[in-house]
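Step one of this worksheet: look at the structure below.
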Amino acid sequence: MHGIFANILILMAVAVASVWLFKRINLPPILAYLFCGILAGPDLLALFEHPEDMQTFAELGVVFLLFSLGLEFSLPKMIAMRQMVFGVGLGQMLLTTLAFMGISMLLGVGLPAAIIVGSIVALSSTAIVIKQTNDMGILNTSRAQMAVSILLFQDLAVVPLLIVVPLLAMDGGQSLSMAIALSIVKGIVVVFILMSVGKWILPRVFTEVAQTRTDELFVLTTILVALMAAGLTYSFGLSMALGAFLAGMMLGESQYKYQLEADIRPFRDILMGLFFITIGMRLNLTDLLAQWHWALLGLAGMLLIKVIIIRLAGGLFGVPKEDAWAAGFKLCQMGEFSFVIAALAVDHNILSNQVGSLILSIGILSMAMTPWLVTRSSDFAKRMVNAPPVEFEANDSVAAKHELMHDHVIIMGFGRVGQSVSRLLKSEAIPYLVVDADPVRVQESQSAGQPVYFGDVRQNDILKAVGIERAKLVLITFDEHNKAMAVIQLISSLYPDLPIVVRTRKDYRMSELYKAGASQVVPEILEGSLMLVSQVLHLSGIPMSRILKRVRKERKGHYGNMHGFFPGETTELSYEKQDKLEFLHAVVVAPNAYATGKALVDLNVNRSGVKIKGLRRDNIEMESPPMNMVLRAGDVLVISGKPRRVERAERYLLEGD
């Protein structure tokens, strides 16, 4: 037992280190889990004597993955994209499967195994491609939408493939036909049952659960629904993943869709990681070293053939050549479900361990190349059709309209604050350009005619694209401190004379932003308080000129008089804020305190990193007590500073060094 526990700890440590390392070199976590599995496998660390014992538990990851896929399944979206999905997507799937079936049979592989190999190779990586295109800001371009359509059909094709694989393991044509017919009947019954439950029972169940306002109950109910649906299909002799997909599809149109997806994601990601670790354990390094040349040859052949087939499938349905080539380069790898189907085929003895290892090797290599292929897909496509390369394809239309703009404001972040600022700038006829990293928001804004770019403002190329060298002001509105610091440092180093205005919710980080190079920092909470007190003073009869003078003084002094507050029982004091927040604290000078009878200048409280904000003696308050004042018993000294420094200063005043 202790040995198993130690091995699990080692496995977790290797997994954490692998994911961290792969993220550092910009590779997807899936490859990290596969790499971890290879290390933990029987050829290297050999952490588990029987890796297949983990398989049943790891398959729950596939169940939750299919449940999430069902939640994201949108029938209206599929209908709107039906020509691309059932045209190009179906064409790609059929042509690729048939092509690699033929190649496999020419190499002496039997028909059932050839069907599986063709199906495995026909799938592409939804997770990697969608994430990469999303990060690049090209998800809403025509060529990316073509890739999304193909991926959507492939995801749908996974469900029947998971049913067919066990059936292909059966012997005899007649028994196979009967088994397929029986599976279709069972599938219809299961779909009817689950759809009925989803329409009449589940909405009421989740309504009751939601009304309890208990997060744990909601999560437990979500997991229970997914597992019960998976268990139902399994009891009918079908795939558990099919039931999970149907359960997700039932709930995909409900008002709880996004909450369900958020609740299930941690379980899905952890269990999927475990699943891919078990896949990596299956890789036989001896076989891989013996057939490494076949792996490289298979990789090159697969990438080339898939690119050509996707181009042909796109051409059959009138897709522009450039878009078809770009989609081909994006989707020429194997996908996550390729490993799922390959593992299932090996378990049912349709594929040998040697062939499974070869497919796994090719898949890992192809997925490792995917981020680079997606990034360069547009350039490769333009070369194939002899078109000049264009940098920022998602921002071309915006760039063309505003390439001559000058003396404009650059707004970084187009949330509520950025949009409010843009409306006021527009009303004053002040030109502006916006950069935002949310692809949906960018698409919506561009459709409404807003001058919005997609991009990461930490990249110099993006800054040049919005004409930062011709701008008169930069406004940072997003509330991400580390990102804001990086942007400020980049801009101030390249364009030191360009004013930078920063919005922040965290007033205790103002000094850091100023040190990084910000010209003006506007703390939301303090500025809101300033506006509030301005209204109070105005309604109290204070002349407006005096109010404006007071406001200008506070802003010029970086809100010095407004920093610090008295903490309460409900004050949030996280580890991050321990050394950031500025507290006010009243120290009562006791008769036997160290500070009694000593002058403020002799105590030198400022050396502790705190400030004296005031002193109260005999119910008389002094805002700025003179430094030669001698403290007496009963005095109340108000100090401000970071929590730990305030604590040290109080101890010094009461007890001395």
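Chains: A, B, ... in order of the structure tokens. Residues: from 1 per chain. Ligands: from 1, in order shown.
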
I'd like the neighbourhood of region 330-341 of chain A as number ranges by chain, where a residue qualifies if any of its atoms comes within 8 Å (using only C-alpha atoms), though same-chain residues fewer than 3 positions away should be ignored.
A: 62, 116, 119-127, 129, 147, 158, 161-162, 165, 279, 302-304, 306-307, 326-327, 344-345, 360, 363, 366-367, 370, 373-374, 377

Let me see the file: selected residues, N, CA, C and O atoms, as a tab-separated table (two decimals), in the first residue's frame.
```
chain	number	residue	atom	x	y	z
A	62	VAL	N	-12.95	10.24	-20.36
A	62	VAL	CA	-13.62	10.25	-21.67
A	62	VAL	C	-15.10	10.53	-21.50
A	62	VAL	O	-15.71	11.26	-22.28
A	116	ILE	N	-10.42	0.98	-38.73
A	116	ILE	CA	-10.06	1.70	-37.51
A	116	ILE	C	-8.91	2.66	-37.77
A	116	ILE	O	-8.94	3.82	-37.34
A	119	SER	N	-10.14	5.64	-39.67
A	119	SER	CA	-10.94	6.52	-38.81
A	119	SER	C	-10.06	7.30	-37.84
A	119	SER	O	-10.31	8.48	-37.57
A	120	ILE	N	-9.04	6.64	-37.30
A	120	ILE	CA	-8.13	7.30	-36.35
A	120	ILE	C	-7.41	8.46	-37.02
A	120	ILE	O	-7.33	9.56	-36.48
A	121	VAL	N	-6.90	8.21	-38.22
A	121	VAL	CA	-6.13	9.24	-38.92
A	121	VAL	C	-7.04	10.37	-39.40
A	121	VAL	O	-6.62	11.53	-39.49
A	122	ALA	N	-8.31	10.08	-39.67
A	122	ALA	CA	-9.23	11.09	-40.19
A	122	ALA	C	-9.56	12.16	-39.15
A	122	ALA	O	-9.98	13.26	-39.51
A	123	LEU	N	-9.39	11.84	-37.86
A	123	LEU	CA	-9.72	12.81	-36.81
A	123	LEU	C	-8.59	13.80	-36.59
A	123	LEU	O	-7.42	13.49	-36.82
A	124	SER	N	-8.95	14.99	-36.14
A	124	SER	CA	-7.98	16.05	-35.84
A	124	SER	C	-8.18	16.54	-34.41
A	124	SER	O	-9.17	16.21	-33.77
A	125	SER	N	-7.25	17.34	-33.94
A	125	SER	CA	-7.27	17.79	-32.54
A	125	SER	C	-8.14	19.03	-32.37
A	125	SER	O	-7.71	20.15	-32.68
A	126	THR	N	-9.35	18.84	-31.87
A	126	THR	CA	-10.25	19.96	-31.62
A	126	THR	C	-9.67	20.89	-30.57
A	126	THR	O	-9.67	22.12	-30.74
A	127	ALA	N	-9.17	20.33	-29.47
A	127	ALA	CA	-8.70	21.15	-28.35
A	127	ALA	C	-7.55	22.06	-28.77
A	127	ALA	O	-7.55	23.26	-28.49
A	129	VAL	N	-6.40	22.92	-31.90
A	129	VAL	CA	-6.67	23.83	-33.02
A	129	VAL	C	-7.56	24.99	-32.57
A	129	VAL	O	-7.29	26.16	-32.89
A	147	ALA	N	-12.31	25.22	-40.78
A	147	ALA	CA	-11.67	24.23	-39.91
A	147	ALA	C	-12.60	23.84	-38.77
A	147	ALA	O	-12.70	22.66	-38.41
A	158	VAL	N	-17.22	10.81	-33.80
A	158	VAL	CA	-16.60	10.03	-32.71
A	158	VAL	C	-17.63	9.13	-32.04
A	158	VAL	O	-17.33	7.98	-31.69
A	161	LEU	N	-18.31	5.98	-33.89
A	161	LEU	CA	-17.07	5.20	-33.93
A	161	LEU	C	-16.87	4.44	-32.62
A	161	LEU	O	-16.42	3.29	-32.62
A	162	LEU	N	-17.20	5.08	-31.51
A	162	LEU	CA	-17.07	4.41	-30.21
A	162	LEU	C	-18.02	3.21	-30.10
A	162	LEU	O	-17.76	2.27	-29.34
A	165	VAL	N	-16.45	0.30	-32.88
A	165	VAL	CA	-15.19	-0.40	-32.59
A	165	VAL	C	-15.41	-1.76	-31.93
A	165	VAL	O	-14.86	-2.78	-32.38
A	279	ILE	N	-2.54	6.21	-21.68
A	279	ILE	CA	-2.22	6.02	-23.11
A	279	ILE	C	-0.71	6.02	-23.29
A	279	ILE	O	-0.14	5.18	-24.01
A	302	MET	N	1.12	11.13	-43.52
A	302	MET	CA	-0.18	11.55	-42.98
A	302	MET	C	-0.39	13.04	-43.15
A	302	MET	O	-1.46	13.49	-43.61
A	303	LEU	N	0.61	13.85	-42.80
A	303	LEU	CA	0.46	15.30	-42.92
A	303	LEU	C	0.20	15.71	-44.36
A	303	LEU	O	-0.70	16.52	-44.65
A	304	LEU	N	0.96	15.16	-45.29
A	304	LEU	CA	0.83	15.52	-46.70
A	304	LEU	C	-0.53	15.10	-47.25
A	304	LEU	O	-1.24	15.91	-47.89
A	306	LYS	N	-3.38	14.34	-45.66
A	306	LYS	CA	-4.52	15.02	-45.04
A	306	LYS	C	-4.67	16.45	-45.56
A	306	LYS	O	-5.80	16.93	-45.78
A	307	VAL	N	-3.56	17.14	-45.76
A	307	VAL	CA	-3.64	18.51	-46.31
A	307	VAL	C	-4.27	18.48	-47.70
A	307	VAL	O	-5.17	19.28	-48.02
A	326	ALA	N	-5.40	26.55	-46.05
A	326	ALA	CA	-5.15	26.95	-44.66
A	326	ALA	C	-5.80	25.98	-43.68
A	326	ALA	O	-5.20	25.60	-42.67
A	327	ALA	N	-7.04	25.57	-43.97
A	327	ALA	CA	-7.71	24.59	-43.11
A	327	ALA	C	-6.97	23.26	-43.11
A	327	ALA	O	-6.87	22.58	-42.08
A	344	LEU	N	-9.13	1.77	-27.48
A	344	LEU	CA	-10.28	0.87	-27.50
A	344	LEU	C	-10.05	-0.28	-28.47
A	344	LEU	O	-10.39	-1.44	-28.19
A	345	ALA	N	-9.45	0.05	-29.62
A	345	ALA	CA	-9.17	-0.99	-30.62
A	345	ALA	C	-8.13	-1.98	-30.13
A	345	ALA	O	-8.23	-3.19	-30.39
A	360	LEU	N	0.36	5.76	-31.94
A	360	LEU	CA	0.55	6.70	-30.83
A	360	LEU	C	1.76	7.59	-31.08
A	360	LEU	O	1.72	8.80	-30.84
A	363	GLY	N	0.90	10.11	-33.74
A	363	GLY	CA	-0.03	11.10	-33.19
A	363	GLY	C	0.65	12.11	-32.31
A	363	GLY	O	0.39	13.32	-32.40
A	366	SER	N	2.71	14.50	-34.45
A	366	SER	CA	1.86	15.42	-35.22
A	366	SER	C	1.25	16.50	-34.33
A	366	SER	O	1.16	17.67	-34.72
A	367	MET	N	0.85	16.12	-33.11
A	367	MET	CA	0.27	17.12	-32.20
A	367	MET	C	1.32	18.10	-31.71
A	367	MET	O	1.02	19.27	-31.46
A	370	THR	N	1.52	20.82	-34.19
A	370	THR	CA	0.28	21.55	-34.49
A	370	THR	C	0.34	23.05	-34.20
A	370	THR	O	-0.07	23.85	-35.05
A	373	LEU	N	2.14	24.65	-37.01
A	373	LEU	CA	1.40	24.55	-38.27
A	373	LEU	C	0.21	25.51	-38.31
A	373	LEU	O	-0.05	26.15	-39.34
A	374	VAL	N	-0.51	25.63	-37.19
A	374	VAL	CA	-1.65	26.55	-37.15
A	374	VAL	C	-1.17	27.99	-37.31
A	374	VAL	O	-1.78	28.78	-38.04
A	377	SER	N	-0.16	28.47	-40.95
A	377	SER	CA	-1.08	27.94	-41.97
A	377	SER	C	-1.45	28.99	-43.01
A	377	SER	O	-1.54	28.69	-44.21
```

For Gly41 (chain A), find every residue with an atom within 8 Å (counting only C-alpha atoms), except residues of its own chain fewer than 3 positions away, and show them as a list in words.
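In the requested format, the answer is Gly37, Ile38, Leu44, Leu45, Ala46, Leu47, Phe48, Pro51, Gly280, Met281, Arg282 and Leu283 of chain A.
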
Residues from last step as file, N, CA and C atoms, as a compact mmCIF listing (two decimals), in the first residue's frame:
```txt
# COMPACT_ATOMS: atom_id res chain seq x y z
N GLY A 37 3.12 9.71 -19.10
CA GLY A 37 2.79 8.29 -19.18
C GLY A 37 3.94 7.45 -19.69
N ILE A 38 4.66 7.99 -20.67
CA ILE A 38 5.83 7.28 -21.21
C ILE A 38 6.89 7.11 -20.12
N LEU A 44 10.46 2.58 -18.50
CA LEU A 44 11.31 3.55 -17.81
C LEU A 44 11.14 3.42 -16.29
N LEU A 45 10.28 4.25 -15.68
CA LEU A 45 10.16 4.22 -14.22
C LEU A 45 9.39 3.01 -13.70
N ALA A 46 8.50 2.47 -14.53
CA ALA A 46 7.70 1.29 -14.17
C ALA A 46 7.02 1.48 -12.81
N LEU A 47 6.27 2.57 -12.70
CA LEU A 47 5.63 2.89 -11.43
C LEU A 47 4.50 1.93 -11.08
N PHE A 48 3.85 1.36 -12.10
CA PHE A 48 2.71 0.48 -11.85
C PHE A 48 2.93 -0.86 -12.55
N PRO A 51 -0.51 -1.36 -15.51
CA PRO A 51 -1.08 -0.07 -15.90
C PRO A 51 -2.54 -0.15 -16.30
N GLY A 280 -0.03 6.98 -22.65
CA GLY A 280 1.42 7.05 -22.76
C GLY A 280 2.11 5.82 -22.21
N MET A 281 1.52 5.21 -21.16
CA MET A 281 2.09 3.98 -20.60
C MET A 281 2.05 2.83 -21.59
N ARG A 282 1.13 2.91 -22.54
CA ARG A 282 1.00 1.82 -23.51
C ARG A 282 2.10 1.86 -24.58
N LEU A 283 2.78 3.01 -24.70
CA LEU A 283 3.80 3.14 -25.73
C LEU A 283 4.99 2.25 -25.39
```

Extract, using only C-alpha atoms, all DNA, RNA and protein residues at most 7 Å from region 633-642 of chain A, discarding same-chain residues fewer than 6 positions from it, and format them as a list in words.
Gly564, Asp579, Lys580, Leu581, Glu582, Phe583, Leu584, His585, Ala586, Val587, Val588, Val589, Ala590, Pro591, Thr596, Gly609, Val610, Lys611, Ile612, Lys613, Gly614, Leu615, Arg616 and Arg617 of chain A

Excluding Ile547 (chain A) and residues on its chain fewer than 4 positions from it, collect all residues at most 9 Å away from it, counting only C-alpha atoms, and give them as a PDB file with N, CA and C atoms, in the first residue's frame.
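selection_2.pdb, written as the output of this step:
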```pdb
ATOM      1  N   SER A 534     -17.549  64.428  -3.517  1.00  0.00           N
ATOM      2  CA  SER A 534     -17.799  65.676  -4.238  1.00  0.00           C
ATOM      3  C   SER A 534     -19.288  65.988  -4.254  1.00  0.00           C
ATOM      4  N   LEU A 537     -20.328  67.004  -0.674  1.00  0.00           N
ATOM      5  CA  LEU A 537     -19.910  68.373  -0.371  1.00  0.00           C
ATOM      6  C   LEU A 537     -20.771  69.398  -1.102  1.00  0.00           C
ATOM      7  N   HIS A 538     -21.082  69.083  -2.363  1.00  0.00           N
ATOM      8  CA  HIS A 538     -21.911  70.004  -3.137  1.00  0.00           C
ATOM      9  C   HIS A 538     -23.303  70.136  -2.527  1.00  0.00           C
ATOM     10  N   ILE A 542     -21.059  73.368   0.018  1.00  0.00           N
ATOM     11  CA  ILE A 542     -19.688  73.798  -0.234  1.00  0.00           C
ATOM     12  C   ILE A 542     -19.604  74.334  -1.665  1.00  0.00           C
ATOM     13  N   PRO A 543     -18.976  75.499  -1.876  1.00  0.00           N
ATOM     14  CA  PRO A 543     -18.862  76.059  -3.237  1.00  0.00           C
ATOM     15  C   PRO A 543     -18.147  75.089  -4.179  1.00  0.00           C
ATOM     16  N   VAL A 551     -10.522  68.266  -5.127  1.00  0.00           N
ATOM     17  CA  VAL A 551     -10.389  67.089  -5.995  1.00  0.00           C
ATOM     18  C   VAL A 551      -9.061  67.119  -6.731  1.00  0.00           C
ATOM     19  N   ARG A 552      -8.701  68.282  -7.274  1.00  0.00           N
ATOM     20  CA  ARG A 552      -7.425  68.401  -7.994  1.00  0.00           C
ATOM     21  C   ARG A 552      -6.247  68.133  -7.062  1.00  0.00           C
TER      22      ARG A 552
END
```

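Between CA of Asp407 (chain A) and CA of Lys472 (chain A) lies a distance of 4.8 Å.
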
Would you mind listing what lies within 9 Å of Arg265 (chain A) as a ChimeraX atom specification, with only C-alpha atoms counted and same-chain residues fewer than 4 positions away left out?
/A:64-65,68,260-261,269-270

For the selection you just gave me, I'd like the residues written to a file as a JSON list (two decimals), in the first residue's frame, keeping N, CA and C atoms.
```json
[["chain", "number", "residue", "atom", "x", "y", "z"],
["A", 64, "PHE", "N", -16.57, 12.31, -19.11],
["A", 64, "PHE", "CA", -16.77, 13.73, -18.84],
["A", 64, "PHE", "C", -16.42, 14.59, -20.05],
["A", 65, "LEU", "N", -15.44, 14.16, -20.85],
["A", 65, "LEU", "CA", -15.10, 14.89, -22.06],
["A", 65, "LEU", "C", -16.27, 14.89, -23.04],
["A", 68, "SER", "N", -19.02, 17.19, -21.79],
["A", 68, "SER", "CA", -18.71, 18.59, -22.11],
["A", 68, "SER", "C", -18.95, 18.87, -23.59],
["A", 260, "LEU", "N", -22.93, 24.25, -15.60],
["A", 260, "LEU", "CA", -22.61, 22.82, -15.68],
["A", 260, "LEU", "C", -21.22, 22.61, -16.26],
["A", 261, "GLU", "N", -20.91, 23.35, -17.31],
["A", 261, "GLU", "CA", -19.61, 23.21, -17.94],
["A", 261, "GLU", "C", -18.50, 23.61, -16.99],
["A", 269, "ASP", "N", -10.78, 17.62, -16.73],
["A", 269, "ASP", "CA", -9.37, 17.85, -17.05],
["A", 269, "ASP", "C", -8.45, 16.90, -16.30],
["A", 270, "ILE", "N", -8.75, 16.67, -15.01],
["A", 270, "ILE", "CA", -7.90, 15.77, -14.22],
["A", 270, "ILE", "C", -8.00, 14.34, -14.73]]
```

Top pick for closest residue to Val601 (chain A), considering A:Leu631, A:Val421, A:Ile103, A:Val109 and counting only C-alpha atoms
A:Leu631

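Those residues that approach Ile309 (chain A) to within 8 Å, counting only C-alpha atoms, are Gln92, Leu95, Thr96 and Gly328 of chain A; same-chain residues fewer than 5 positions away are not listed.
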
Atoms kept (N, CA and C atoms) for selection, written as a short mmCIF file (atom, residue, chain, number, x, y, z; two decimals), in the first residue's frame:
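The new file selection_20.cif reads:
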```
data_model
loop_
_atom_site.label_atom_id
_atom_site.label_comp_id
_atom_site.auth_asym_id
_atom_site.auth_seq_id
_atom_site.Cartn_x
_atom_site.Cartn_y
_atom_site.Cartn_z
N GLN A 92 -14.31 15.30 -45.99
CA GLN A 92 -12.98 15.07 -45.43
C GLN A 92 -12.92 13.75 -44.69
N LEU A 95 -13.19 10.71 -47.29
CA LEU A 95 -12.02 10.60 -48.17
C LEU A 95 -10.78 10.18 -47.39
N THR A 96 -10.59 10.77 -46.21
CA THR A 96 -9.41 10.43 -45.41
C THR A 96 -9.49 8.99 -44.91
N GLY A 328 -6.43 22.88 -44.27
CA GLY A 328 -5.67 21.63 -44.36
C GLY A 328 -4.45 21.63 -43.46
#
```

Extract the full set of alpha helix (DSSP H) residues from region 188-390 of chain A according to DSSP on the backbone, and format it as a ChimeraX atom specification.
/A:188-200,202-211,215-235,240-251,257-281,285-290,292-316,321-330,336-347,353-384
